[in-house]
$ cat run-v8.pdb   # PDB, N, CA and C atoms
ATOM      1  N   MET A   1     128.824  13.271-130.069  1.00  0.00           N
ATOM      2  CA  MET A   1     128.011  13.347-128.880  1.00  0.00           C
ATOM      3  C   MET A   1     128.261  12.130-127.983  1.00  0.00           C
ATOM      4  N   ASN A   2     128.415  10.966-128.615  1.00  0.00           N
ATOM      5  CA  ASN A   2     128.667   9.755-127.827  1.00  0.00           C
ATOM      6  C   ASN A   2     129.932   9.885-126.993  1.00  0.00           C
ATOM      7  N   ALA A   3     130.944  10.563-127.529  1.00  0.00           N
ATOM      8  CA  ALA A   3     132.204  10.719-126.803  1.00  0.00           C
ATOM      9  C   ALA A   3     132.027  11.529-125.531  1.00  0.00           C
ATOM     10  N   HIS A   4     130.968  12.324-125.471  1.00  0.00           N
ATOM     11  CA  HIS A   4     130.708  13.148-124.289  1.00  0.00           C
ATOM     12  C   HIS A   4     129.617  12.557-123.394  1.00  0.00           C
ATOM     13  N   GLY A   5     129.237  11.310-123.664  1.00  0.00           N
ATOM     14  CA  GLY A   5     128.298  10.624-122.783  1.00  0.00           C
ATOM     15  C   GLY A   5     126.840  10.760-123.150  1.00  0.00           C
ATOM     16  N   TYR A   6     126.548  11.305-124.344  1.00  0.00           N
ATOM     17  CA  TYR A   6     125.158  11.442-124.786  1.00  0.00           C
ATOM     18  C   TYR A   6     124.895  10.428-125.889  1.00  0.00           C
ATOM     19  N   LEU A   7     123.897   9.591-125.687  1.00  0.00           N
ATOM     20  CA  LEU A   7     123.560   8.608-126.702  1.00  0.00           C
ATOM     21  C   LEU A   7     122.914   9.294-127.895  1.00  0.00           C
ATOM     22  N   CYS A   8     123.353   8.926-129.066  1.00  0.00           N
ATOM     23  CA  CYS A   8     122.828   9.515-130.287  1.00  0.00           C
ATOM     24  C   CYS A   8     122.744   8.414-131.325  1.00  0.00           C
ATOM     25  N   PHE A   9     121.528   8.086-131.740  1.00  0.00           N
ATOM     26  CA  PHE A   9     121.329   6.987-132.674  1.00  0.00           C
ATOM     27  C   PHE A   9     120.970   7.474-134.074  1.00  0.00           C
ATOM     28  N   THR A  10     121.224   8.720-134.367  1.00  0.00           N
ATOM     29  CA  THR A  10     120.907   9.259-135.682  1.00  0.00           C
ATOM     30  C   THR A  10     122.182   9.452-136.480  1.00  0.00           C
ATOM     31  N   LYS A  11     122.031   9.772-137.733  1.00  0.00           N
ATOM     32  CA  LYS A  11     123.183   9.973-138.599  1.00  0.00           C
ATOM     33  C   LYS A  11     123.462  11.457-138.796  1.00  0.00           C
ATOM     34  N   ASP A  12     123.147  12.246-137.807  1.00  0.00           N
ATOM     35  CA  ASP A  12     123.412  13.675-137.902  1.00  0.00           C
ATOM     36  C   ASP A  12     124.724  14.002-137.190  1.00  0.00           C
ATOM     37  N   ALA A  13     125.094  15.249-137.237  1.00  0.00           N
ATOM     38  CA  ALA A  13     126.325  15.688-136.574  1.00  0.00           C
ATOM     39  C   ALA A  13     125.954  16.660-135.467  1.00  0.00           C
ATOM     40  N   GLY A  14     126.595  16.533-134.339  1.00  0.00           N
ATOM     41  CA  GLY A  14     126.377  17.449-133.226  1.00  0.00           C
ATOM     42  C   GLY A  14     127.617  18.288-133.011  1.00  0.00           C
ATOM     43  N   PHE A  15     127.424  19.562-132.790  1.00  0.00           N
ATOM     44  CA  PHE A  15     128.534  20.472-132.534  1.00  0.00           C
ATOM     45  C   PHE A  15     128.347  21.096-131.166  1.00  0.00           C
ATOM     46  N   VAL A  16     129.411  21.186-130.422  1.00  0.00           N
ATOM     47  CA  VAL A  16     129.388  21.854-129.131  1.00  0.00           C
ATOM     48  C   VAL A  16     130.175  23.142-129.305  1.00  0.00           C
ATOM     49  N   ILE A  17     129.520  24.251-129.029  1.00  0.00           N
ATOM     50  CA  ILE A  17     130.119  25.565-129.231  1.00  0.00           C
ATOM     51  C   ILE A  17     130.134  26.291-127.898  1.00  0.00           C
ATOM     52  N   GLN A  18     131.269  26.872-127.561  1.00  0.00           N
ATOM     53  CA  GLN A  18     131.325  27.681-126.347  1.00  0.00           C
ATOM     54  C   GLN A  18     130.364  28.846-126.531  1.00  0.00           C
ATOM     55  N   LEU A  19     129.435  28.992-125.602  1.00  0.00           N
ATOM     56  CA  LEU A  19     128.345  29.947-125.772  1.00  0.00           C
ATOM     57  C   LEU A  19     128.740  31.375-125.408  1.00  0.00           C
ATOM     58  N   ILE A  20     129.662  31.910-126.175  1.00  0.00           N
ATOM     59  CA  ILE A  20     129.945  33.335-126.101  1.00  0.00           C
ATOM     60  C   ILE A  20     129.493  33.920-127.436  1.00  0.00           C
ATOM     61  N   PRO A  21     128.959  35.136-127.423  1.00  0.00           N
ATOM     62  CA  PRO A  21     128.319  35.689-128.624  1.00  0.00           C
ATOM     63  C   PRO A  21     129.126  35.568-129.914  1.00  0.00           C
ATOM     64  N   ASP A  22     130.408  35.883-129.895  1.00  0.00           N
ATOM     65  CA  ASP A  22     131.205  35.805-131.122  1.00  0.00           C
ATOM     66  C   ASP A  22     131.261  34.384-131.679  1.00  0.00           C
ATOM     67  N   ASN A  23     131.423  33.398-130.800  1.00  0.00           N
ATOM     68  CA  ASN A  23     131.472  32.004-131.255  1.00  0.00           C
ATOM     69  C   ASN A  23     130.153  31.575-131.870  1.00  0.00           C
ATOM     70  N   VAL A  24     129.051  31.916-131.226  1.00  0.00           N
ATOM     71  CA  VAL A  24     127.731  31.533-131.730  1.00  0.00           C
ATOM     72  C   VAL A  24     127.502  32.161-133.098  1.00  0.00           C
ATOM     73  N   MET A  25     127.768  33.444-133.223  1.00  0.00           N
ATOM     74  CA  MET A  25     127.528  34.133-134.485  1.00  0.00           C
ATOM     75  C   MET A  25     128.404  33.562-135.603  1.00  0.00           C
ATOM     76  N   ARG A  26     129.668  33.294-135.321  1.00  0.00           N
ATOM     77  CA  ARG A  26     130.553  32.738-136.341  1.00  0.00           C
ATOM     78  C   ARG A  26     130.134  31.324-136.742  1.00  0.00           C
ATOM     79  N   ALA A  27     129.748  30.519-135.775  1.00  0.00           N
ATOM     80  CA  ALA A  27     129.335  29.139-136.074  1.00  0.00           C
ATOM     81  C   ALA A  27     128.067  29.129-136.918  1.00  0.00           C
ATOM     82  N   VAL A  28     127.085  29.940-136.541  1.00  0.00           N
ATOM     83  CA  VAL A  28     125.834  29.982-137.303  1.00  0.00           C
ATOM     84  C   VAL A  28     126.081  30.552-138.700  1.00  0.00           C
ATOM     85  N   ALA A  29     126.953  31.539-138.815  1.00  0.00           N
ATOM     86  CA  ALA A  29     127.284  32.097-140.136  1.00  0.00           C
ATOM     87  C   ALA A  29     127.972  31.050-141.010  1.00  0.00           C
ATOM     88  N   ALA A  30     128.912  30.302-140.434  1.00  0.00           N
ATOM     89  CA  ALA A  30     129.619  29.274-141.198  1.00  0.00           C
ATOM     90  C   ALA A  30     128.659  28.179-141.656  1.00  0.00           C
ATOM     91  N   LEU A  31     127.781  27.742-140.765  1.00  0.00           N
ATOM     92  CA  LEU A  31     126.816  26.717-141.137  1.00  0.00           C
ATOM     93  C   LEU A  31     125.777  27.260-142.120  1.00  0.00           C
ATOM     94  N   GLY A  32     125.427  28.541-141.970  1.00  0.00           N
ATOM     95  CA  GLY A  32     124.497  29.180-142.913  1.00  0.00           C
ATOM     96  C   GLY A  32     125.071  29.227-144.315  1.00  0.00           C
ATOM     97  N   ALA A  33     126.373  29.431-144.420  1.00  0.00           N
ATOM     98  CA  ALA A  33     127.025  29.445-145.733  1.00  0.00           C
ATOM     99  C   ALA A  33     126.929  28.086-146.417  1.00  0.00           C
ATOM    100  N   LEU A  34     126.728  27.039-145.626  1.00  0.00           N
ATOM    101  CA  LEU A  34     126.564  25.692-146.173  1.00  0.00           C
ATOM    102  C   LEU A  34     125.096  25.350-146.416  1.00  0.00           C
ATOM    103  N   GLY A  35     124.205  26.305-146.127  1.00  0.00           N
ATOM    104  CA  GLY A  35     122.781  26.100-146.373  1.00  0.00           C
ATOM    105  C   GLY A  35     121.957  25.708-145.169  1.00  0.00           C
ATOM    106  N   TYR A  36     122.575  25.680-143.997  1.00  0.00           N
ATOM    107  CA  TYR A  36     121.846  25.323-142.776  1.00  0.00           C
ATOM    108  C   TYR A  36     121.246  26.565-142.142  1.00  0.00           C
ATOM    109  N   THR A  37     119.989  26.487-141.760  1.00  0.00           N
ATOM    110  CA  THR A  37     119.317  27.594-141.083  1.00  0.00           C
ATOM    111  C   THR A  37     118.620  27.061-139.841  1.00  0.00           C
ATOM    112  N   PRO A  38     118.433  27.899-138.822  1.00  0.00           N
ATOM    113  CA  PRO A  38     117.766  27.432-137.597  1.00  0.00           C
ATOM    114  C   PRO A  38     116.352  26.930-137.893  1.00  0.00           C
ATOM    115  N   LEU A  39     115.973  25.805-137.275  1.00  0.00           N
ATOM    116  CA  LEU A  39     114.631  25.259-137.423  1.00  0.00           C
ATOM    117  C   LEU A  39     113.632  25.989-136.529  1.00  0.00           C
ATOM    118  N   ALA A  40     114.097  26.482-135.417  1.00  0.00           N
ATOM    119  CA  ALA A  40     113.226  27.210-134.481  1.00  0.00           C
ATOM    120  C   ALA A  40     113.158  28.673-134.887  1.00  0.00           C
ATOM    121  N   THR A  41     112.219  29.377-134.312  1.00  0.00           N
ATOM    122  CA  THR A  41     112.073  30.799-134.608  1.00  0.00           C
ATOM    123  C   THR A  41     112.980  31.634-133.715  1.00  0.00           C
ATOM    124  N   VAL A  42     114.186  31.144-133.508  1.00  0.00           N
ATOM    125  CA  VAL A  42     115.188  31.834-132.703  1.00  0.00           C
ATOM    126  C   VAL A  42     116.319  32.229-133.636  1.00  0.00           C
ATOM    127  N   THR A  43     116.667  33.493-133.626  1.00  0.00           N
ATOM    128  CA  THR A  43     117.762  33.937-134.472  1.00  0.00           C
ATOM    129  C   THR A  43     119.099  33.637-133.794  1.00  0.00           C
ATOM    130  N   ALA A  44     120.154  33.666-134.577  1.00  0.00           N
ATOM    131  CA  ALA A  44     121.490  33.446-134.021  1.00  0.00           C
ATOM    132  C   ALA A  44     121.812  34.514-132.987  1.00  0.00           C
ATOM    133  N   LYS A  45     121.397  35.742-133.268  1.00  0.00           N
ATOM    134  CA  LYS A  45     121.666  36.847-132.336  1.00  0.00           C
ATOM    135  C   LYS A  45     120.948  36.607-131.004  1.00  0.00           C
ATOM    136  N   GLN A  46     119.707  36.133-131.050  1.00  0.00           N
ATOM    137  CA  GLN A  46     118.974  35.834-129.820  1.00  0.00           C
ATOM    138  C   GLN A  46     119.645  34.690-129.057  1.00  0.00           C
ATOM    139  N   PHE A  47     120.053  33.658-129.771  1.00  0.00           N
ATOM    140  CA  PHE A  47     120.695  32.514-129.117  1.00  0.00           C
ATOM    141  C   PHE A  47     122.043  32.901-128.537  1.00  0.00           C
ATOM    142  N   ALA A  48     122.722  33.847-129.169  1.00  0.00           N
ATOM    143  CA  ALA A  48     124.031  34.299-128.686  1.00  0.00           C
ATOM    144  C   ALA A  48     123.918  35.125-127.408  1.00  0.00           C
ATOM    145  N   ASP A  49     122.771  35.776-127.211  1.00  0.00           N
ATOM    146  CA  ASP A  49     122.571  36.613-126.033  1.00  0.00           C
ATOM    147  C   ASP A  49     122.252  35.734-124.825  1.00  0.00           C
ATOM    148  N   ARG A  50     123.088  35.816-123.809  1.00  0.00           N
ATOM    149  CA  ARG A  50     122.953  34.937-122.647  1.00  0.00           C
ATOM    150  C   ARG A  50     121.590  35.076-121.953  1.00  0.00           C
ATOM    151  N   ALA A  51     121.129  36.295-121.732  1.00  0.00           N
ATOM    152  CA  ALA A  51     119.854  36.494-121.031  1.00  0.00           C
ATOM    153  C   ALA A  51     118.694  35.916-121.834  1.00  0.00           C
ATOM    154  N   THR A  52     118.693  36.141-123.134  1.00  0.00           N
ATOM    155  CA  THR A  52     117.632  35.595-123.987  1.00  0.00           C
ATOM    156  C   THR A  52     117.687  34.077-123.988  1.00  0.00           C
ATOM    157  N   ARG A  53     118.897  33.524-124.111  1.00  0.00           N
ATOM    158  CA  ARG A  53     119.076  32.069-124.127  1.00  0.00           C
ATOM    159  C   ARG A  53     118.602  31.454-122.817  1.00  0.00           C
ATOM    160  N   GLU A  54     118.944  32.064-121.692  1.00  0.00           N
ATOM    161  CA  GLU A  54     118.504  31.538-120.398  1.00  0.00           C
ATOM    162  C   GLU A  54     116.989  31.599-120.274  1.00  0.00           C
ATOM    163  N   GLY A  55     116.378  32.636-120.832  1.00  0.00           N
ATOM    164  CA  GLY A  55     114.913  32.723-120.848  1.00  0.00           C
ATOM    165  C   GLY A  55     114.305  31.595-121.657  1.00  0.00           C
ATOM    166  N   LEU A  56     114.895  31.287-122.795  1.00  0.00           N
ATOM    167  CA  LEU A  56     114.396  30.186-123.629  1.00  0.00           C
ATOM    168  C   LEU A  56     114.538  28.852-122.922  1.00  0.00           C
ATOM    169  N   ILE A  57     115.632  28.678-122.214  1.00  0.00           N
ATOM    170  CA  ILE A  57     115.838  27.431-121.472  1.00  0.00           C
ATOM    171  C   ILE A  57     114.767  27.297-120.395  1.00  0.00           C
ATOM    172  N   GLY A  58     114.506  28.375-119.665  1.00  0.00           N
ATOM    173  CA  GLY A  58     113.517  28.334-118.595  1.00  0.00           C
ATOM    174  C   GLY A  58     112.091  28.215-119.083  1.00  0.00           C
ATOM    175  N   GLU A  59     111.755  28.944-120.152  1.00  0.00           N
ATOM    176  CA  GLU A  59     110.369  28.965-120.641  1.00  0.00           C
ATOM    177  C   GLU A  59     110.015  27.793-121.545  1.00  0.00           C
ATOM    178  N   LYS A  60     110.948  27.412-122.402  1.00  0.00           N
ATOM    179  CA  LYS A  60     110.630  26.405-123.415  1.00  0.00           C
ATOM    180  C   LYS A  60     111.520  25.172-123.350  1.00  0.00           C
ATOM    181  N   ASN A  61     112.385  25.107-122.344  1.00  0.00           N
ATOM    182  CA  ASN A  61     113.327  23.996-122.198  1.00  0.00           C
ATOM    183  C   ASN A  61     114.183  23.826-123.452  1.00  0.00           C
ATOM    184  N   THR A  62     114.501  24.935-124.106  1.00  0.00           N
ATOM    185  CA  THR A  62     115.345  24.930-125.301  1.00  0.00           C
ATOM    186  C   THR A  62     116.787  24.908-124.860  1.00  0.00           C
ATOM    187  N   GLN A  63     117.478  23.825-125.168  1.00  0.00           N
ATOM    188  CA  GLN A  63     118.868  23.709-124.759  1.00  0.00           C
ATOM    189  C   GLN A  63     119.804  23.537-125.939  1.00  0.00           C
ATOM    190  N   MET A  64     119.261  23.575-127.147  1.00  0.00           N
ATOM    191  CA  MET A  64     120.106  23.465-128.329  1.00  0.00           C
ATOM    192  C   MET A  64     119.439  24.215-129.468  1.00  0.00           C
ATOM    193  N   LEU A  65     120.225  24.541-130.441  1.00  0.00           N
ATOM    194  CA  LEU A  65     119.731  25.216-131.637  1.00  0.00           C
ATOM    195  C   LEU A  65     119.882  24.233-132.794  1.00  0.00           C
ATOM    196  N   GLN A  66     118.761  23.800-133.337  1.00  0.00           N
ATOM    197  CA  GLN A  66     118.809  22.844-134.435  1.00  0.00           C
ATOM    198  C   GLN A  66     118.826  23.588-135.753  1.00  0.00           C
ATOM    199  N   LEU A  67     119.697  23.124-136.659  1.00  0.00           N
ATOM    200  CA  LEU A  67     119.798  23.714-137.995  1.00  0.00           C
ATOM    201  C   LEU A  67     119.425  22.681-139.031  1.00  0.00           C
TER     202      LEU A  67
END
$ encode --input "run-v8.pdb" --output "structure tokens"
Amino acid sequence: MNAHGYLCFTKDAGFVIQLIPDNVMRAVAALGALGYTPLATVTAKQFADRATREGLIGEKNTQMLQL
């Protein structure tokens, strides 16, 4: 994240995924296989859908999916 200009002082990892449905679904599936699940009540399918994602951004200021 620091390489892209975002300060991050935690020991976690940030991933930037091109937000097209296939990429989102594959990334969440791969991370799920490692035991990571979304912390929010948003499914991978909902996050992959552009209209739903834009609604979440507008209504809840959700700009990332935490696992």
$ atom_distance --input "run-v8.pdb" --atom1 "atom CA of A:Pro38" --atom2 "atom CA of A:Ile20"
17.8 Å
$ select_by_dssp --input "run-v8.pdb" --residues "chain A" --states "alpha helix (DSSP H)" --output "ChimeraX atom specification"
/A:21-33,44-48,50-60
$ write_last_selection --input "run-v8.pdb" --atoms "N, CA and C atoms" --output "PDB file, in the coordinates of the input"
ATOM      1  N   PRO A  21     128.959  35.136-127.423  1.00  0.00           N
ATOM      2  CA  PRO A  21     128.319  35.689-128.624  1.00  0.00           C
ATOM      3  C   PRO A  21     129.126  35.568-129.914  1.00  0.00           C
ATOM      4  N   ASP A  22     130.408  35.883-129.895  1.00  0.00           N
ATOM      5  CA  ASP A  22     131.205  35.805-131.122  1.00  0.00           C
ATOM      6  C   ASP A  22     131.261  34.384-131.679  1.00  0.00           C
ATOM      7  N   ASN A  23     131.423  33.398-130.800  1.00  0.00           N
ATOM      8  CA  ASN A  23     131.472  32.004-131.255  1.00  0.00           C
ATOM      9  C   ASN A  23     130.153  31.575-131.870  1.00  0.00           C
ATOM     10  N   VAL A  24     129.051  31.916-131.226  1.00  0.00           N
ATOM     11  CA  VAL A  24     127.731  31.533-131.730  1.00  0.00           C
ATOM     12  C   VAL A  24     127.502  32.161-133.098  1.00  0.00           C
ATOM     13  N   MET A  25     127.768  33.444-133.223  1.00  0.00           N
ATOM     14  CA  MET A  25     127.528  34.133-134.485  1.00  0.00           C
ATOM     15  C   MET A  25     128.404  33.562-135.603  1.00  0.00           C
ATOM     16  N   ARG A  26     129.668  33.294-135.321  1.00  0.00           N
ATOM     17  CA  ARG A  26     130.553  32.738-136.341  1.00  0.00           C
ATOM     18  C   ARG A  26     130.134  31.324-136.742  1.00  0.00           C
ATOM     19  N   ALA A  27     129.748  30.519-135.775  1.00  0.00           N
ATOM     20  CA  ALA A  27     129.335  29.139-136.074  1.00  0.00           C
ATOM     21  C   ALA A  27     128.067  29.129-136.918  1.00  0.00           C
ATOM     22  N   VAL A  28     127.085  29.940-136.541  1.00  0.00           N
ATOM     23  CA  VAL A  28     125.834  29.982-137.303  1.00  0.00           C
ATOM     24  C   VAL A  28     126.081  30.552-138.700  1.00  0.00           C
ATOM     25  N   ALA A  29     126.953  31.539-138.815  1.00  0.00           N
ATOM     26  CA  ALA A  29     127.284  32.097-140.136  1.00  0.00           C
ATOM     27  C   ALA A  29     127.972  31.050-141.010  1.00  0.00           C
ATOM     28  N   ALA A  30     128.912  30.302-140.434  1.00  0.00           N
ATOM     29  CA  ALA A  30     129.619  29.274-141.198  1.00  0.00           C
ATOM     30  C   ALA A  30     128.659  28.179-141.656  1.00  0.00           C
ATOM     31  N   LEU A  31     127.781  27.742-140.765  1.00  0.00           N
ATOM     32  CA  LEU A  31     126.816  26.717-141.137  1.00  0.00           C
ATOM     33  C   LEU A  31     125.777  27.260-142.120  1.00  0.00           C
ATOM     34  N   GLY A  32     125.427  28.541-141.970  1.00  0.00           N
ATOM     35  CA  GLY A  32     124.497  29.180-142.913  1.00  0.00           C
ATOM     36  C   GLY A  32     125.071  29.227-144.315  1.00  0.00           C
ATOM     37  N   ALA A  33     126.373  29.431-144.420  1.00  0.00           N
ATOM     38  CA  ALA A  33     127.025  29.445-145.733  1.00  0.00           C
ATOM     39  C   ALA A  33     126.929  28.086-146.417  1.00  0.00           C
ATOM     40  N   ALA A  44     120.154  33.666-134.577  1.00  0.00           N
ATOM     41  CA  ALA A  44     121.490  33.446-134.021  1.00  0.00           C
ATOM     42  C   ALA A  44     121.812  34.514-132.987  1.00  0.00           C
ATOM     43  N   LYS A  45     121.397  35.742-133.268  1.00  0.00           N
ATOM     44  CA  LYS A  45     121.666  36.847-132.336  1.00  0.00           C
ATOM     45  C   LYS A  45     120.948  36.607-131.004  1.00  0.00           C
ATOM     46  N   GLN A  46     119.707  36.133-131.050  1.00  0.00           N
ATOM     47  CA  GLN A  46     118.974  35.834-129.820  1.00  0.00           C
ATOM     48  C   GLN A  46     119.645  34.690-129.057  1.00  0.00           C
ATOM     49  N   PHE A  47     120.053  33.658-129.771  1.00  0.00           N
ATOM     50  CA  PHE A  47     120.695  32.514-129.117  1.00  0.00           C
ATOM     51  C   PHE A  47     122.043  32.901-128.537  1.00  0.00           C
ATOM     52  N   ALA A  48     122.722  33.847-129.169  1.00  0.00           N
ATOM     53  CA  ALA A  48     124.031  34.299-128.686  1.00  0.00           C
ATOM     54  C   ALA A  48     123.918  35.125-127.408  1.00  0.00           C
ATOM     55  N   ARG A  50     123.088  35.816-123.809  1.00  0.00           N
ATOM     56  CA  ARG A  50     122.953  34.937-122.647  1.00  0.00           C
ATOM     57  C   ARG A  50     121.590  35.076-121.953  1.00  0.00           C
ATOM     58  N   ALA A  51     121.129  36.295-121.732  1.00  0.00           N
ATOM     59  CA  ALA A  51     119.854  36.494-121.031  1.00  0.00           C
ATOM     60  C   ALA A  51     118.694  35.916-121.834  1.00  0.00           C
ATOM     61  N   THR A  52     118.693  36.141-123.134  1.00  0.00           N
ATOM     62  CA  THR A  52     117.632  35.595-123.987  1.00  0.00           C
ATOM     63  C   THR A  52     117.687  34.077-123.988  1.00  0.00           C
ATOM     64  N   ARG A  53     118.897  33.524-124.111  1.00  0.00           N
ATOM     65  CA  ARG A  53     119.076  32.069-124.127  1.00  0.00           C
ATOM     66  C   ARG A  53     118.602  31.454-122.817  1.00  0.00           C
ATOM     67  N   GLU A  54     118.944  32.064-121.692  1.00  0.00           N
ATOM     68  CA  GLU A  54     118.504  31.538-120.398  1.00  0.00           C
ATOM     69  C   GLU A  54     116.989  31.599-120.274  1.00  0.00           C
ATOM     70  N   GLY A  55     116.378  32.636-120.832  1.00  0.00           N
ATOM     71  CA  GLY A  55     114.913  32.723-120.848  1.00  0.00           C
ATOM     72  C   GLY A  55     114.305  31.595-121.657  1.00  0.00           C
ATOM     73  N   LEU A  56     114.895  31.287-122.795  1.00  0.00           N
ATOM     74  CA  LEU A  56     114.396  30.186-123.629  1.00  0.00           C
ATOM     75  C   LEU A  56     114.538  28.852-122.922  1.00  0.00           C
ATOM     76  N   ILE A  57     115.632  28.678-122.214  1.00  0.00           N
ATOM     77  CA  ILE A  57     115.838  27.431-121.472  1.00  0.00           C
ATOM     78  C   ILE A  57     114.767  27.297-120.395  1.00  0.00           C
ATOM     79  N   GLY A  58     114.506  28.375-119.665  1.00  0.00           N
ATOM     80  CA  GLY A  58     113.517  28.334-118.595  1.00  0.00           C
ATOM     81  C   GLY A  58     112.091  28.215-119.083  1.00  0.00           C
ATOM     82  N   GLU A  59     111.755  28.944-120.152  1.00  0.00           N
ATOM     83  CA  GLU A  59     110.369  28.965-120.641  1.00  0.00           C
ATOM     84  C   GLU A  59     110.015  27.793-121.545  1.00  0.00           C
ATOM     85  N   LYS A  60     110.948  27.412-122.402  1.00  0.00           N
ATOM     86  CA  LYS A  60     110.630  26.405-123.415  1.00  0.00           C
ATOM     87  C   LYS A  60     111.520  25.172-123.350  1.00  0.00           C
TER      88      LYS A  60
END
$ residues_near_point --input "run-v8.pdb" --point "(115.4, 31.5, -126.3)" --cutoff "6.5 Å" --atoms "all atoms listed in the file" --output "ChimeraX atom specification"
/A:42,46-47,52-57
$ residues_near_point --input "run-v8.pdb" --point "(129.0, 25.6, -124.2)" --cutoff "12 Å" --atoms "only C-alpha atoms" --output "mmCIF file with N, CA and C atoms, in the frame of the given file"
data_model
loop_
_atom_site.group_PDB
_atom_site.id
_atom_site.type_symbol
_atom_site.label_atom_id
_atom_site.label_comp_id
_atom_site.auth_asym_id
_atom_site.auth_seq_id
_atom_site.Cartn_x
_atom_site.Cartn_y
_atom_site.Cartn_z
ATOM 1 N N PHE A 15 127.424 19.562 -132.790
ATOM 2 C CA PHE A 15 128.534 20.472 -132.534
ATOM 3 C C PHE A 15 128.347 21.096 -131.166
ATOM 4 N N VAL A 16 129.411 21.186 -130.422
ATOM 5 C CA VAL A 16 129.388 21.854 -129.131
ATOM 6 C C VAL A 16 130.175 23.142 -129.305
ATOM 7 N N ILE A 17 129.520 24.251 -129.029
ATOM 8 C CA ILE A 17 130.119 25.565 -129.231
ATOM 9 C C ILE A 17 130.134 26.291 -127.898
ATOM 10 N N GLN A 18 131.269 26.872 -127.561
ATOM 11 C CA GLN A 18 131.325 27.681 -126.347
ATOM 12 C C GLN A 18 130.364 28.846 -126.531
ATOM 13 N N LEU A 19 129.435 28.992 -125.602
ATOM 14 C CA LEU A 19 128.345 29.947 -125.772
ATOM 15 C C LEU A 19 128.740 31.375 -125.408
ATOM 16 N N ILE A 20 129.662 31.910 -126.175
ATOM 17 C CA ILE A 20 129.945 33.335 -126.101
ATOM 18 C C ILE A 20 129.493 33.920 -127.436
ATOM 19 N N PRO A 21 128.959 35.136 -127.423
ATOM 20 C CA PRO A 21 128.319 35.689 -128.624
ATOM 21 C C PRO A 21 129.126 35.568 -129.914
ATOM 22 N N ASN A 23 131.423 33.398 -130.800
ATOM 23 C CA ASN A 23 131.472 32.004 -131.255
ATOM 24 C C ASN A 23 130.153 31.575 -131.870
ATOM 25 N N VAL A 24 129.051 31.916 -131.226
ATOM 26 C CA VAL A 24 127.731 31.533 -131.730
ATOM 27 C C VAL A 24 127.502 32.161 -133.098
ATOM 28 N N PHE A 47 120.053 33.658 -129.771
ATOM 29 C CA PHE A 47 120.695 32.514 -129.117
ATOM 30 C C PHE A 47 122.043 32.901 -128.537
ATOM 31 N N ALA A 48 122.722 33.847 -129.169
ATOM 32 C CA ALA A 48 124.031 34.299 -128.686
ATOM 33 C C ALA A 48 123.918 35.125 -127.408
ATOM 34 N N ARG A 50 123.088 35.816 -123.809
ATOM 35 C CA ARG A 50 122.953 34.937 -122.647
ATOM 36 C C ARG A 50 121.590 35.076 -121.953
ATOM 37 N N ARG A 53 118.897 33.524 -124.111
ATOM 38 C CA ARG A 53 119.076 32.069 -124.127
ATOM 39 C C ARG A 53 118.602 31.454 -122.817
ATOM 40 N N GLN A 63 117.478 23.825 -125.168
ATOM 41 C CA GLN A 63 118.868 23.709 -124.759
ATOM 42 C C GLN A 63 119.804 23.537 -125.939
ATOM 43 N N MET A 64 119.261 23.575 -127.147
ATOM 44 C CA MET A 64 120.106 23.465 -128.329
ATOM 45 C C MET A 64 119.439 24.215 -129.468
ATOM 46 N N LEU A 65 120.225 24.541 -130.441
ATOM 47 C CA LEU A 65 119.731 25.216 -131.637
ATOM 48 C C LEU A 65 119.882 24.233 -132.794
#
$ atom_distance --input "run-v8.pdb" --atom1 "atom CA of A:Leu67" --atom2 "atom CA of A:Gly35"
9.2 Å
$ axis_aligned_box --input "run-v8.pdb" --around "stretch 47-59 of chain A" --padding-each-side "5 Å" --output "JSON"
{"center_x": 117.0, "center_y": 32.0, "center_z": -124.2, "size_x": 24.0, "size_y": 19.3, "size_z": 21.2}
$ residues_around --input "run-v8.pdb" --residues "A:Thr37" --least-positions-apart "4" --cutoff "8 Å" --atoms "only N, CA and C atoms" --output "NGL selection string"
:A and (28 or 31-33 or 65-67)
$ closest_residue --input "run-v8.pdb" --among "A:Asp49, A:Leu7, A:Gly58, A:Thr41" --to "A:Met25" --atoms "only C-alpha atoms"
A:Asp49
$ atom_distance --input "run-v8.pdb" --atom1 "atom CA of A:Arg26" --atom2 "atom CA of A:Thr43"
13.0 Å
$ closest_residue --input "run-v8.pdb" --among "A:Ala3, A:Asp12, A:Leu34, A:Ala40" --to "A:Lys60" --atoms "only C-alpha atoms"
A:Ala40
